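A short worksheet on the structure shown next.
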Amino acid sequence: MKMIYWCDKCKEPVFDKKSHELSCSGRLKKLSEGSICNPVFLQERKLLSKIVGRDLTDKQIWYFGSSRYLFDGEVQRISYVEWYKNNEHLKYAEELRNDIEVERDYSAYMGVVKANEAYIKGLVFEAEKYVLDTYTEFSTGKYEDNKYIPTVSFSGGKDSTVVSRIVRDALQDNTVIHFFGDTTLEFRETYEYVTQKFKQENRMVPMIPSETENDFFKLAKVFGPPSQHERWCCTIFKTSNLNKELENLPGNSLSFLGIRHSESLARKGYERTQEHSKISSQINAMPIIEWTDYDVWLYILYKNLIINDCYQYGYKRVGCWCCPNNSDWSMMLTEIYYPDDMQKWKEMVYAFAIKTGKTDPDDYYKEGRWKTRRGASGLKVKNVTIMDTACNLSDTARNIIIDKKLNIDVLELLKPFGDLKIVEKKDATYIQVYDNDKTGEYRKCFELIITYGTNVIKVLPEERIDVTNLVNRIKCQMRKYQFCIRCSACDSVCPHGAIDTIHGKYKIDEAKCQHCKKCIAKFYNGCIICDKVAGKKES
């Protein structure tokens with residue numbers, strides 16, 4: 001259990017009792033059981049002053065989580081929810097927007113660094129050693145021929161900023177490549193930070209943006225607004241774009257990430273080094289995976305790092321401004337500082353609420369019920385059923401019947417099954433599919449017969465092949481063929497970077513495809529659109 005103490009001599013929060021007692025005779029009292037102790041900057045203190053109705057701008061304040069703040073030597077709760085629900089924040093929004101003050105001088109907060117100096121130095125030593133050891137492991141010995149190149153996955157948030165500095169200090173190299181994953185939904189301060197403020201302090205760092213051609217709001221009309229259970233956006237706007245950028249490296253990527261166990265339950269099980277990630281040419285390494293929030297902030301102050309201005313406004317995390325995982329506090333801040341963006345988002349959610357027949361669209365939006373929506377409710381439900389019937393060519397042969405007329409481009413969707421040996425005849429196209437079977441022997445698995453311009457695929461499996469499994473897999477690929485809007489979700493699921501949908505059509509690079517078949521049924525029904533709009537019941 002993490003503990004935060006108060007030293008009556010230093011008058012500062014203390015995070016490690018034993019190391020502090022070695023250098024200070026002050027008496028320690030327990031303040032909190034938790035891992036959050038964030039500095040509250042001037043701009044956030046202005047907002048807190050509005051909430052409590054008295055001036056807090058001159059006080060040193062630390063945020064302890066769950067609306068608890070440390071000031072005047074005590075942990076006090078500042079409740080904002082009713083204030084926010086009653087739209088009190090909108091009365092002061094223009095005033096706050098027009099009077100933004102960003103603190104760059106951290107001297108007022110350096111007392112906490114001094115009180116925890118031995119502790120933070122220990123953390124830094126261990127993290128830098130991990131980076132150096134990991135890099136050495138994957139750049140020498142059995143991995144030497146794989147050419148693992150150190151990179152940093154950079155979001156513009158505090159964690160990736162910390163990892164960036166740790167990696168460059170450990171490797172003594174300011175030219176480590178950084179990949180900035182632009183979701184198109186970043187705060188304007190994030191873009192300013194990445195392209196200007198961070199760059200000004202770190203001029204030698206190569207910052208490569210991974211961009212997308214997709215329009216989020218157009219896709220939201222297809223998939224519905226992202227929710228905590230329907231997070232289609234991460235696949236389309238993050239993973240697929242990074243996958244494409246990593247292909248341009250002259251080797252594999254040893255990617256250093258700012259992921260931490262304390263961020264979410266889903267991340268608690270992450271290993272510090274992941275040799276098997278979503279991208280086969282990438283190994284993920286997480287130097288600060290065990291760090292707490294207060295560890296991250298202590299490092300920022302210790303190293304005097306410039307940070308994204310959003311943290312000065314009061315944001316606890318910096319990501320997409322309309323993320324369904326954002327708290328009410330974040331939503332309130334976004335309504336204050338980004339009213340035009342929030343109006344656009346509000347209109348989209350309202351339209352969705354009306355479309356779904358919600359009795360109170362205002363409640364659906366304001367209470368954040370859109371964040372927990374499930375399934376295809378409110379979307380244009382598509383019939384994703386694909387028929388198959390017996391075929392008279394053999395006892396095990398099947399006819400797969402789809403709605404879309406087949407063209408030569410259907411061959412792209414068949415490449416994951418194996419090597420295609422194609423023979424064009426007058427009556428039809430005959431495709432023999434070869435791959436290594438379970439015994440490792442390379443031989444024919446099945447044959448397909450297609451007549452372009454029709455909607456029937458004849459499937460003739462070899463005797464050893466599981467017919468039901470094969471037919472279901474082909475159906476998954478045919479759903480992709482029928483419903484593809486080139487959203488780029490498929491690009492992200494291929495661990496070998498063989499799929500490309502962002503250059504006008506669905507293409508599979510045969511030189512890269514390993515026939516692992518991971519792309520075939522990654523999504524329910526085979527396609528992310530079918531996953532979201534197949535009419536599954538909302539729970």
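As shown in the structure tokens, the chain order sets the letters A, B, ...; within each chain, residues go from 1, and ligands are also counted from 1 in the order they appear.
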Residues at most 12 Å from region 85-102 of chain A, counting only C-alpha atoms, excluding those fewer than 5 positions away in the same chain, as a compact mmCIF listing (two decimals) with C-alpha atoms, in the first residue's frame?
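around-v7.txt was written with the following content:
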```txt
# COMPACT_ATOMS: atom_id res chain seq x y z
CA VAL A 40 -1.88 22.30 -8.62
CA PHE A 41 -0.70 25.11 -10.86
CA LEU A 42 -1.94 28.69 -10.84
CA GLN A 43 -4.47 28.31 -13.66
CA GLU A 44 -6.18 25.41 -11.89
CA ARG A 45 -6.09 27.32 -8.60
CA LYS A 46 -8.09 30.08 -10.29
CA LEU A 47 -10.82 27.56 -11.10
CA LEU A 48 -10.74 26.08 -7.60
CA SER A 49 -11.16 29.60 -6.24
CA LYS A 50 -14.36 29.98 -8.27
CA ILE A 51 -15.67 26.67 -6.97
CA VAL A 52 -15.05 27.37 -3.26
CA GLY A 53 -15.83 31.08 -3.45
CA THR A 57 -4.35 31.46 -5.98
CA SER A 79 -16.58 19.01 -4.40
CA TYR A 80 -17.31 20.27 -7.90
CA GLU A 189 -1.98 22.64 -26.56
CA ILE A 306 8.48 21.62 -19.65
CA ILE A 307 5.05 19.98 -19.87
CA ASN A 308 1.85 20.21 -21.86
CA ASP A 309 -0.10 23.33 -20.79
CA CYS A 310 -3.24 21.21 -20.31
CA TYR A 311 -1.84 20.02 -16.97
CA GLN A 312 -1.64 23.64 -15.88
CA TYR A 313 -5.37 24.02 -16.59
CA GLY A 314 -6.10 21.04 -14.31
CA ASP A 328 -16.55 14.86 -15.40
CA TRP A 329 -13.71 17.11 -14.29
CA MET A 331 -15.34 17.35 -19.50
CA MET A 332 -15.89 20.50 -17.44
CA LEU A 333 -12.42 21.80 -18.32
CA THR A 334 -13.01 21.10 -22.00
CA GLU A 335 -16.30 23.01 -21.90
CA ILE A 336 -14.40 25.93 -20.36
CA TYR A 337 -11.33 26.00 -22.60
CA TYR A 338 -12.58 24.42 -25.85
CA PRO A 339 -16.22 25.50 -26.22
CA ASP A 362 -29.88 16.28 -22.51
CA ASP A 363 -29.63 13.71 -19.73
CA TYR A 365 -25.23 13.82 -22.85
CA LYS A 366 -24.88 15.59 -19.51
CA GLU A 367 -24.87 12.44 -17.38
CA GLY A 368 -22.41 10.80 -19.76
```
Please, which residues of region 201-373 of chain A, numbered as in this document, come out helix (DSSP H, G or I) from DSSP, as a PyMOL selection string? chain A and resi 201+216-223+232-246+261-263+265-267+293-303+310-313+328-337+339-355+361-366+369-372
Distance in Å - CA of Lys522 (chain A) versus CA of Tyr434 (chain A):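 Going from CA of Lys522 (chain A) over to CA of Tyr434 (chain A) covers 22.2 Å.
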Any idea what's packed within 12 Å of Asn284 (chain A), counting only C-alpha atoms, ignoring anything in its chain fewer than 6 positions away? Could you give it as a list in words? Val131, Thr134, Tyr135, Phe138, Tyr148, Ile149, Pro150, Thr151, Val152, Ser153, Asn252, Ser253, Leu254, Ser255, Phe256, Leu257, Gly258, Ile259, Tyr270, Glu271, Arg272, Thr273, Gln274, Glu275, His276, Ser277 and Lys278 of chain A
Go through A:Ile465, A:Cys233, A:Val176, A:Val459 one by one, measure the shortest atom-to-atom distance of each to Asp437 (chain A) using only C-alpha atoms, and give the residue with the smallest value. A:Ile465
My list of candidates is A:Met342, A:Met207, A:Lys458, A:Leu413. Which is closest to Thr429 (chain A) when distances are computed with only C-alpha atoms? A:Lys458
Ranking A:Leu460, A:Pro225, A:Glu441, A:Glu21 by minimum distance to Asn392 (chain A) and counting only C-alpha atoms, which one comes first?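 Ranked by minimum distance to Asn392 (chain A), first place goes to A:Leu460.
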Between CA of Ala511 (chain A) and CA of Leu420 (chain A), what is the distance in Å, rounded to a tenth?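 Separation between CA of Ala511 (chain A) and CA of Leu420 (chain A): 12.8 Å.
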Within 8 Å of Gln477 (chain A) using only C-alpha atoms, minus same-chain residues under 3 positions, as a list in words: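 In the requested form, the answer reads Leu413, Leu414, Arg473, Ile474, Lys480, Tyr481, Ile520, Gly526 and Cys527 of chain A.
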For a test of reading the model, state the distance in Å between CA of Ile401 (chain A) and CA of Asp388 (chain A), rounded to one decimal.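 Separation between CA of Ile401 (chain A) and CA of Asp388 (chain A): 5.9 Å.
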Using only C-alpha atoms, find the one residue out of A:Arg77, A:Lys238, A:Arg165, A:Lys355 that sits nearest to Ile300 (chain A).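 Answer, going by the shortest atom-to-atom distance: A:Arg165.
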